[in-house]
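**Q** File query_10.pdb below, PDB, C-alpha atoms:
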ATOM      1  CA  MET A   5      51.654  13.375   6.383
ATOM      2  CA  HIS A   6      49.231  12.362   3.653
ATOM      3  CA  LEU A   7      45.919  10.834   4.729
ATOM      4  CA  LEU A   8      43.904   9.150   2.003
ATOM      5  CA  ALA A   9      40.213   8.582   2.745
ATOM      6  CA  VAL A  10      38.178   6.362   0.434
ATOM      7  CA  GLY A  11      34.455   7.054   0.564
ATOM      8  CA  GLY A  12      32.218  10.090   0.548
ATOM      9  CA  SER A  13      29.768   9.399   3.350
ATOM     10  CA  ASP A  14      29.924  10.372   7.011
ATOM     11  CA  ALA A  15      32.624   7.936   8.116
ATOM     12  CA  ALA A  16      35.332   8.901   5.624
ATOM     13  CA  ILE A  17      34.479  12.606   5.599
ATOM     14  CA  SER A  18      34.422  12.795   9.407
ATOM     15  CA  ALA A  19      37.809  11.081   9.591
ATOM     16  CA  ALA A  20      39.232  13.440   6.963
ATOM     17  CA  LEU A  21      37.938  16.558   8.720
ATOM     18  CA  ARG A  22      39.152  15.336  12.100
ATOM     19  CA  ALA A  23      42.609  14.697  10.672
ATOM     20  CA  ARG A  24      42.757  18.305   9.491
ATOM     21  CA  GLU A  25      41.665  19.515  12.940
ATOM     22  CA  LEU A  26      44.381  17.520  14.663
ATOM     23  CA  ASP A  27      47.074  18.408  12.124
ATOM     24  CA  PRO A  28      46.280  21.519  10.050
ATOM     25  CA  GLY A  29      49.394  20.817   8.016
ATOM     26  CA  ALA A  30      48.276  17.361   6.953
ATOM     27  CA  GLU A  31      47.542  16.693   3.305
ATOM     28  CA  VAL A  32      44.139  15.001   3.088
ATOM     29  CA  THR A  33      42.704  13.460  -0.087
ATOM     30  CA  VAL A  34      39.185  12.047  -0.256
ATOM     31  CA  VAL A  35      38.286   9.645  -3.072
ATOM     32  CA  VAL A  36      34.548   9.659  -3.838
ATOM     33  CA  ALA A  37      32.949   7.326  -6.376
ATOM     34  CA  ASP A  38      30.222   9.825  -7.287
ATOM     35  CA  ALA A  39      29.851  13.608  -7.211
ATOM     36  CA  TYR A  40      27.981  13.851  -3.912
ATOM     37  CA  PRO A  41      30.287  13.843  -0.885
ATOM     38  CA  ASN A  42      28.818  14.138   2.610
ATOM     39  CA  PHE A  43      25.167  13.829   1.585
ATOM     40  CA  SER A  44      22.482  12.649   3.997
ATOM     41  CA  ILE A  45      21.368   9.477   2.267
ATOM     42  CA  CYS A  46      18.946   8.834   5.145
ATOM     43  CA  GLY A  47      17.149  12.025   4.148
ATOM     44  CA  ILE A  48      16.261  10.821   0.639
ATOM     45  CA  PRO A  49      12.679   9.766   1.540
ATOM     46  CA  TYR A  50      12.025  13.314   2.775
ATOM     47  CA  LEU A  51      13.216  14.705  -0.536
ATOM     48  CA  ILE A  52      10.789  12.367  -2.295
ATOM     49  CA  SER A  53       7.947  13.530  -0.035
ATOM     50  CA  GLY A  54       8.756  17.198  -0.628
ATOM     51  CA  GLU A  55       9.673  17.941   3.002
ATOM     52  CA  VAL A  56      13.212  18.597   1.761
ATOM     53  CA  SER A  57      12.743  21.114  -1.018
ATOM     54  CA  HIS A  58      15.942  20.598  -3.045
ATOM     55  CA  TRP A  59      18.398  17.737  -3.332
ATOM     56  CA  ARG A  60      21.306  20.022  -2.504
ATOM     57  CA  ASP A  61      19.747  20.510   0.925
ATOM     58  CA  LEU A  62      20.686  16.906   1.716
ATOM     59  CA  ALA A  63      24.369  17.874   1.781
ATOM     60  CA  HIS A  64      25.774  18.222   5.290
ATOM     61  CA  ARG A  65      28.496  20.370   3.761
ATOM     62  CA  SER A  66      28.944  21.683   0.246
ATOM     63  CA  ILE A  67      31.949  20.804  -1.889
ATOM     64  CA  GLY A  68      33.158  24.354  -1.264
ATOM     65  CA  ASP A  69      32.883  23.841   2.499
ATOM     66  CA  LEU A  70      34.927  20.647   2.334
ATOM     67  CA  GLU A  71      37.598  22.193   0.144
ATOM     68  CA  ALA A  72      37.741  25.243   2.421
ATOM     69  CA  ALA A  73      38.445  22.841   5.303
ATOM     70  CA  GLY A  74      41.531  21.674   3.425
ATOM     71  CA  LEU A  75      40.257  18.481   1.827
ATOM     72  CA  ARG A  76      41.327  17.579  -1.691
ATOM     73  CA  LEU A  77      38.337  15.890  -3.308
ATOM     74  CA  ARG A  78      38.686  13.338  -6.092
ATOM     75  CA  LEU A  79      35.100  13.062  -7.307
ATOM     76  CA  GLY A  80      33.827  10.426  -9.721
ATOM     77  CA  THR A  81      36.888   8.353  -8.862
ATOM     78  CA  VAL A  82      36.912   4.707  -7.758
ATOM     79  CA  ALA A  83      39.572   2.956  -5.692
ATOM     80  CA  THR A  84      40.146  -0.420  -7.347
ATOM     81  CA  ARG A  85      43.155  -1.851  -5.476
ATOM     82  CA  ILE A  86      45.017  -1.306  -2.212
ATOM     83  CA  ASP A  87      48.699  -2.182  -1.963
ATOM     84  CA  ALA A  88      49.018  -2.068   1.817
ATOM     85  CA  PRO A  89      52.750  -2.927   2.035
ATOM     86  CA  GLY A  90      53.527  -0.287  -0.592
ATOM     87  CA  HIS A  91      51.116   2.298   0.856
ATOM     88  CA  ARG A  92      49.570   2.800  -2.562
ATOM     89  CA  VAL A  93      46.005   2.791  -3.912
ATOM     90  CA  THR A  94      45.078   2.316  -7.565
ATOM     91  CA  LEU A  95      42.360   4.668  -8.775
ATOM     92  CA  ARG A  96      40.072   4.668 -11.809
ATOM     93  CA  THR A  97      39.536   8.273 -12.859
ATOM     94  CA  PRO A  98      36.318   9.711 -14.358
ATOM     95  CA  GLY A  99      37.811   9.243 -17.811
ATOM     96  CA  GLY A 100      38.527   5.556 -17.151
ATOM     97  CA  ALA A 101      42.302   5.901 -16.810
ATOM     98  CA  GLU A 102      44.207   4.158 -14.024
ATOM     99  CA  GLU A 103      46.565   5.987 -11.731
ATOM    100  CA  GLY A 104      48.238   5.317  -8.413
ATOM    101  CA  ILE A 105      48.292   7.471  -5.306
ATOM    102  CA  THR A 106      50.490   6.958  -2.264
ATOM    103  CA  TYR A 107      49.561   7.587   1.355
ATOM    104  CA  ASP A 108      50.934   7.603   4.864
ATOM    105  CA  ALA A 109      47.609   6.680   6.460
ATOM    106  CA  LEU A 110      44.514   5.164   4.851
ATOM    107  CA  VAL A 111      40.864   5.287   5.896
ATOM    108  CA  VAL A 112      38.328   3.113   4.071
ATOM    109  CA  GLY A 113      34.827   4.391   4.753
ATOM    110  CA  THR A 114      32.835   3.278   1.736
ATOM    111  CA  GLY A 115      29.677   2.296   3.619
ATOM    112  CA  ALA A 116      27.349  -0.586   2.845
ATOM    113  CA  ARG A 117      25.859  -2.001  -0.316
ATOM    114  CA  PRO A 118      22.100  -2.510  -0.608
ATOM    115  CA  VAL A 119      20.945  -6.110  -0.429
ATOM    116  CA  VAL A 120      19.039  -7.047  -3.565
ATOM    117  CA  PRO A 121      16.589  -9.803  -2.602
ATOM    118  CA  PRO A 122      16.472 -13.016  -4.657
ATOM    119  CA  ILE A 123      13.520 -11.925  -6.760
ATOM    120  CA  ASP A 124      13.173 -13.147 -10.318
ATOM    121  CA  GLY A 125      13.509 -10.116 -12.560
ATOM    122  CA  LEU A 126      16.085  -8.252 -10.475
ATOM    123  CA  HIS A 127      19.155 -10.245 -11.484
ATOM    124  CA  GLY A 128      21.027 -11.145 -14.628
ATOM    125  CA  PRO A 129      21.424  -9.402 -17.989
ATOM    126  CA  ALA A 130      17.662  -8.933 -18.405
ATOM    127  CA  ALA A 131      17.169  -7.447 -14.924
ATOM    128  CA  LEU A 132      14.523  -4.764 -14.658
ATOM    129  CA  GLY A 133      15.631  -1.283 -13.664
ATOM    130  CA  PRO A 134      14.692   2.397 -13.574
ATOM    131  CA  ALA A 135      13.594   2.405 -17.227
ATOM    132  CA  ASP A 136      10.992  -0.187 -16.206
ATOM    133  CA  GLY A 137       9.936   1.707 -13.092
ATOM    134  CA  VAL A 138      11.862  -0.665 -10.798
ATOM    135  CA  HIS A 139      14.137   1.158  -8.370
ATOM    136  CA  LEU A 140      16.667   0.520  -5.636
ATOM    137  CA  LEU A 141      17.251   3.464  -3.317
ATOM    138  CA  HIS A 142      20.749   3.900  -1.946
ATOM    139  CA  THR A 143      22.619   6.692  -3.742
ATOM    140  CA  MET A 144      21.897  10.147  -5.092
ATOM    141  CA  GLU A 145      21.875   8.700  -8.612
ATOM    142  CA  ASP A 146      19.167   6.275  -7.456
ATOM    143  CA  THR A 147      17.260   9.271  -6.107
ATOM    144  CA  PHE A 148      17.429  11.159  -9.403
ATOM    145  CA  ALA A 149      16.256   8.069 -11.294
ATOM    146  CA  LEU A 150      13.269   7.631  -8.970
ATOM    147  CA  THR A 151      12.412  11.321  -9.196
ATOM    148  CA  ALA A 152      12.531  11.109 -12.995
ATOM    149  CA  THR A 153      10.027   8.242 -12.909
ATOM    150  CA  LEU A 154       7.708  10.056 -10.507
ATOM    151  CA  GLU A 155       7.796  13.325 -12.421
ATOM    152  CA  GLY A 156       8.057  11.963 -15.953
ATOM    153  CA  HIS A 157       5.574   9.091 -15.829
ATOM    154  CA  ARG A 158       3.398  10.254 -12.922
ATOM    155  CA  PRO A 159       2.545   6.758 -11.644
ATOM    156  CA  SER A 160      -0.551   6.356  -9.502
ATOM    157  CA  LYS A 161       0.545   3.322  -7.507
ATOM    158  CA  ALA A 162       3.767   2.060  -5.957
ATOM    159  CA  LEU A 163       4.784  -1.247  -4.438
ATOM    160  CA  ILE A 164       7.512  -1.202  -1.787
ATOM    161  CA  VAL A 165       9.351  -4.429  -1.048
ATOM    162  CA  GLY A 166      10.406  -4.358   2.591
ATOM    163  CA  ALA A 167       9.058  -2.595   5.665
ATOM    164  CA  GLY A 168      12.222  -1.583   7.470
ATOM    165  CA  TYR A 169      13.086   2.012   8.293
ATOM    166  CA  VAL A 170      13.694   3.209   4.730
ATOM    167  CA  GLY A 171      10.733   1.271   3.373
ATOM    168  CA  LEU A 172       8.409   2.878   5.928
ATOM    169  CA  GLU A 173       9.797   6.342   5.235
ATOM    170  CA  MET A 174       9.316   5.803   1.514
ATOM    171  CA  ALA A 175       5.736   4.651   2.084
ATOM    172  CA  ASP A 176       5.035   7.896   3.915
ATOM    173  CA  GLY A 177       6.856   9.937   1.266
ATOM    174  CA  LEU A 178       5.001   8.378  -1.651
ATOM    175  CA  ARG A 179       1.652   8.724   0.107
ATOM    176  CA  SER A 180       2.497  12.401   0.604
ATOM    177  CA  ARG A 181       2.845  12.627  -3.179
ATOM    178  CA  GLY A 182      -0.614  11.151  -3.615
ATOM    179  CA  LEU A 183       0.351   7.644  -4.755
ATOM    180  CA  ALA A 184      -1.493   4.533  -3.644
ATOM    181  CA  VAL A 185       1.088   2.409  -1.814
ATOM    182  CA  VAL A 186       1.302  -1.334  -1.230
ATOM    183  CA  GLN A 187       3.988  -2.422   1.239
ATOM    184  CA  VAL A 188       5.135  -6.056   1.300
ATOM    185  CA  GLU A 189       7.157  -7.545   4.158
ATOM    186  CA  ARG A 190       8.234 -11.191   4.261
ATOM    187  CA  LEU A 191       8.395 -11.279   8.087
ATOM    188  CA  PRO A 192       5.289 -11.416  10.313
ATOM    189  CA  GLU A 193       5.332  -7.717  11.184
ATOM    190  CA  VAL A 194       6.548  -4.393   9.822
ATOM    191  CA  LEU A 195       9.646  -2.790  11.328
ATOM    192  CA  PRO A 196      10.955  -6.256  12.230
ATOM    193  CA  THR A 197      13.983  -4.970  14.174
ATOM    194  CA  VAL A 198      11.723  -3.834  17.040
ATOM    195  CA  ASP A 199       9.280  -5.626  19.329
ATOM    196  CA  ALA A 200       6.307  -7.076  17.438
ATOM    197  CA  ASP A 201       3.815  -5.133  19.582
ATOM    198  CA  LEU A 202       5.435  -1.859  18.523
ATOM    199  CA  GLY A 203       5.523  -3.072  14.917
ATOM    200  CA  ALA A 204       1.775  -3.727  15.105
ATOM    201  CA  LEU A 205       1.207  -0.127  16.213
ATOM    202  CA  VAL A 206       3.290   1.092  13.273
ATOM    203  CA  ARG A 207       1.320  -1.129  10.880
ATOM    204  CA  ALA A 208      -1.945   0.269  12.239
ATOM    205  CA  GLU A 209      -0.679   3.795  11.587
ATOM    206  CA  LEU A 210       0.364   2.835   8.052
ATOM    207  CA  THR A 211      -3.088   1.453   7.391
ATOM    208  CA  ALA A 212      -4.698   4.585   8.823
ATOM    209  CA  ARG A 213      -2.619   6.618   6.384
ATOM    210  CA  GLY A 214      -3.887   4.606   3.456
ATOM    211  CA  VAL A 215      -1.002   2.178   2.952
ATOM    212  CA  GLU A 216      -2.010  -1.370   2.026
ATOM    213  CA  VAL A 217       0.249  -3.639   4.100
ATOM    214  CA  ALA A 218       0.941  -7.310   3.356
ATOM    215  CA  THR A 219       3.078  -9.034   6.010
ATOM    216  CA  ALA A 220       4.333 -12.637   5.990
ATOM    217  CA  THR A 221       4.382 -12.222   2.216
ATOM    218  CA  THR A 222       7.338 -12.849  -0.089
ATOM    219  CA  VAL A 223       7.760 -11.283  -3.511
ATOM    220  CA  ARG A 224       8.927 -14.022  -5.889
ATOM    221  CA  ALA A 225       9.093 -12.301  -9.266
ATOM    222  CA  ILE A 226       8.735  -8.928 -10.967
ATOM    223  CA  ARG A 227       7.893  -8.866 -14.665
ATOM    224  CA  ARG A 228       6.968  -6.343 -17.315
ATOM    225  CA  ALA A 229       3.271  -6.009 -17.983
ATOM    226  CA  PRO A 230       2.129  -6.596 -21.584
ATOM    227  CA  ALA A 231       1.907  -3.485 -23.732
ATOM    228  CA  GLY A 232      -1.133  -1.449 -22.765
ATOM    229  CA  ALA A 233      -1.765  -3.370 -19.551
ATOM    230  CA  GLN A 234      -1.416  -1.986 -16.047
ATOM    231  CA  GLY A 235       1.765  -2.955 -14.197
TER     232      GLY A 235
END
Let me see the file written as structure tokens.
**A**
Amino acid sequence: MHLLAVGGSDAAISAALRARELDPGAEVTVVVADAYPNFSICGIPYLISGEVSHWRDLAHRSIGDLEAAGLRLRLGTVATRIDAPGHRVTLRTPGGAEEGITYDALVVGTGARPVVPPIDGLHGPAALGPADGVHLLHTMEDTFALTATLEGHRPSKALIVGAGYVGLEMADGLRSRGLAVVQVERLPEVLPTVDADLGALVRAELTARGVEVATATTVRAIRRAPAGAQG
């Protein structure tokens, strides 16, 4: 039996490992779009703050651990098409070539995609990005890009759009690095998935820690500052 798992986060890896536990003779292949299978993406803010000392410490298991458990890893490989009746998946390899792989059972555990808000400057061919100091935070590559900005340019101030769980963790992490932090949330209170009274307590703690919080505020546009001016 050949199990093919698409995705490198907890869902696909857990399914792949469990399949090997239930059937040690099973052939298990895991297709991972990047080179970082089974990493704790939720731990990224603590890497930024310095509480996690090295990015490799975010890995639940190393590549060696996963291979020792009997998983065949296809890193830097993207699944582009599923032929369900034919039990076949088309892959794009790291070199850009296409190849097909057959399976007896298929698990798709690719996770979510970050929602990019409708802010002018974040979309289209002229969208701002890491080279401009504008970052999304979802993958390990995003983490390395943000770290490069923090260590290479040593900014003194950061603006965080959104005050959900990751936004709050990043506010704490960036304050730990000594940056002034402004946090903008379009809803009336921070941490909007919980009761507003609890959110108010969280906002008070943010303020006590030196974070400037703007609720009921929507970011409309992000633009480059003129040469020599502060962003």
**Q** I'd like the interatomic distance between atom CA of His64 of chain A and atom CA of Gly182 of chain A, to a tenth of an Å.
**A**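 So the answer is 28.7 Å.
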**Q** So which residues get picked by the PyMOL selection byres ((chain A and resi 99) around 12) here, written as a list in words?
**A**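 Going through the file, the PyMOL selection byres ((chain A and resi 99) around 12) ends up selecting Leu79, Gly80, Thr81, Val82, Leu95, Arg96, Thr97, Pro98, Gly100, Ala101, Glu102 and Glu103 of chain A.
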**Q** Write a file of the selected residues as a PDB file, keeping the file's coordinate frame, keeping C-alpha atoms.
**A**
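The resulting file, part.pdb, is shown below:
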ATOM      1  CA  LEU A  79      35.100  13.062  -7.307  1.00  0.00           C
ATOM      2  CA  GLY A  80      33.827  10.426  -9.721  1.00  0.00           C
ATOM      3  CA  THR A  81      36.888   8.353  -8.862  1.00  0.00           C
ATOM      4  CA  VAL A  82      36.912   4.707  -7.758  1.00  0.00           C
ATOM      5  CA  LEU A  95      42.360   4.668  -8.775  1.00  0.00           C
ATOM      6  CA  ARG A  96      40.072   4.668 -11.809  1.00  0.00           C
ATOM      7  CA  THR A  97      39.536   8.273 -12.859  1.00  0.00           C
ATOM      8  CA  PRO A  98      36.318   9.711 -14.358  1.00  0.00           C
ATOM      9  CA  GLY A 100      38.527   5.556 -17.151  1.00  0.00           C
ATOM     10  CA  ALA A 101      42.302   5.901 -16.810  1.00  0.00           C
ATOM     11  CA  GLU A 102      44.207   4.158 -14.024  1.00  0.00           C
ATOM     12  CA  GLU A 103      46.565   5.987 -11.731  1.00  0.00           C
TER      13      GLU A 103
END
**Q** Excluding Trp59 of chain A and residues on its chain fewer than 5 positions from it, collect all residues at most 10 Å away from it, counting only C-alpha atoms, and give them as a PyMOL selection string.
**A** chain A and resi 43-44+47-48+50-52+144+147-148
**Q** So which one's closest to Pro49 of chain A, A:Leu178, A:Ala204, A:Ile67, A:Ala15? Using all atoms listed in the file, please.
**A** A:Leu178
**Q** Find, counting all atoms listed in the file, the residue in A:Val198, A:Ala212, A:Leu26, A:Ala229 that gets nearest to Asp136 of chain A.
**A**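 Once distances to Asp136 of chain A are computed over all atoms listed in the file, the minimum belongs to A:Ala229.
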**Q** Under the rule that all atoms listed in the file are counted, which of A:Gly156, A:Gly115, A:Pro41, A:Gly54 is the nearest residue to Asp176 of chain A?
**A** A:Gly54
**Q** Specify as a list in words each residue included when the PyMOL selection byres ((chain A and resi 222) around 8) is applied to this file.
**A**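 Output from the PyMOL selection byres ((chain A and resi 222) around 8), applied to this file: Val188, Glu189, Arg190, Ala220, Thr221, Val223 and Arg224 of chain A.
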**Q** If you measure from atom CA of Val36 of chain A to atom CA of Leu21 of chain A, what distance in Å do you get, rounded to one decimal?
**A**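 Separation between atom CA of Val36 of chain A and atom CA of Leu21 of chain A: 14.7 Å.
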**Q** What does the distance between atom CA of Ala109 of chain A and atom CA of Gly74 of chain A come to in Å, to one decimal place?
**A**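 About the pair atom CA of Ala109 of chain A and atom CA of Gly74 of chain A: they are 16.5 Å apart.
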**Q** Select, from A:Gly133, A:Val165, A:Val194, A:Arg78, the residue with the minimum atom-to-atom distance to Val119 of chain A, counting all atoms listed in the file.
**A**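 Once distances to Val119 of chain A are computed over all atoms listed in the file, the minimum belongs to A:Val165.
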**Q** Gln187 of chain A: which residues within 10 Å, counting only C-alpha atoms, same-chain residues fewer than 2 positions away excluded, as a list in words?
**A**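 So the residues in contact are Ala162, Leu163, Ile164, Val165, Gly166, Ala167, Gly171, Leu172, Met174, Ala175, Val185, Glu189, Val194, Leu210, Val215, Glu216, Val217, Ala218, Thr219 and Thr221 of chain A.
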**Q** Would you list the contacts of Ala16 of chain A as a list of chain:residue names, taking every protein, DNA or RNA residue within 7 Å and counting all atoms listed in the file, but skipping same-chain residues closer than 6 positions in sequence?
**A**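 Contacts, in chain order: A:Ala9, A:Val10, A:Val111, A:Val112, A:Gly113.
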**Q** List as a list in words the protein and nucleic acid residues near Arg24 of chain A, meaning an atom at most 12 Å away when all atoms listed in the file are counted, but skip any in the same chain fewer than 4 places from it.
**A** Met5, His6, Leu7, Leu8, Ile17, Ser18, Ala19, Ala20, Pro28, Gly29, Ala30, Glu31, Val32, Thr33, Leu70, Glu71, Ala72, Ala73, Gly74, Leu75 and Arg76 of chain A
**Q** Using all atoms listed in the file for the distances, tell me which of A:Ala37, A:Ala23, A:Ala225, A:Leu141 is nearest to Val170 of chain A.
**A**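 The closest residue to Val170 of chain A is A:Leu141.
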**Q** Given the PyMOL selection byres ((chain A and resi 105) around 6) and the file above, list the residues it selects as a PyMOL selection string.
**A** chain A and resi 92-93+104+106
**Q** Counting all atoms listed in the file, which residue out of A:Leu183, A:Asp61, A:Tyr169, A:Gly232 sits closest to Gly203 of chain A?
**A**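 Between A:Leu183, A:Asp61, A:Tyr169, A:Gly232, the residue approaching Gly203 of chain A most closely is A:Tyr169.
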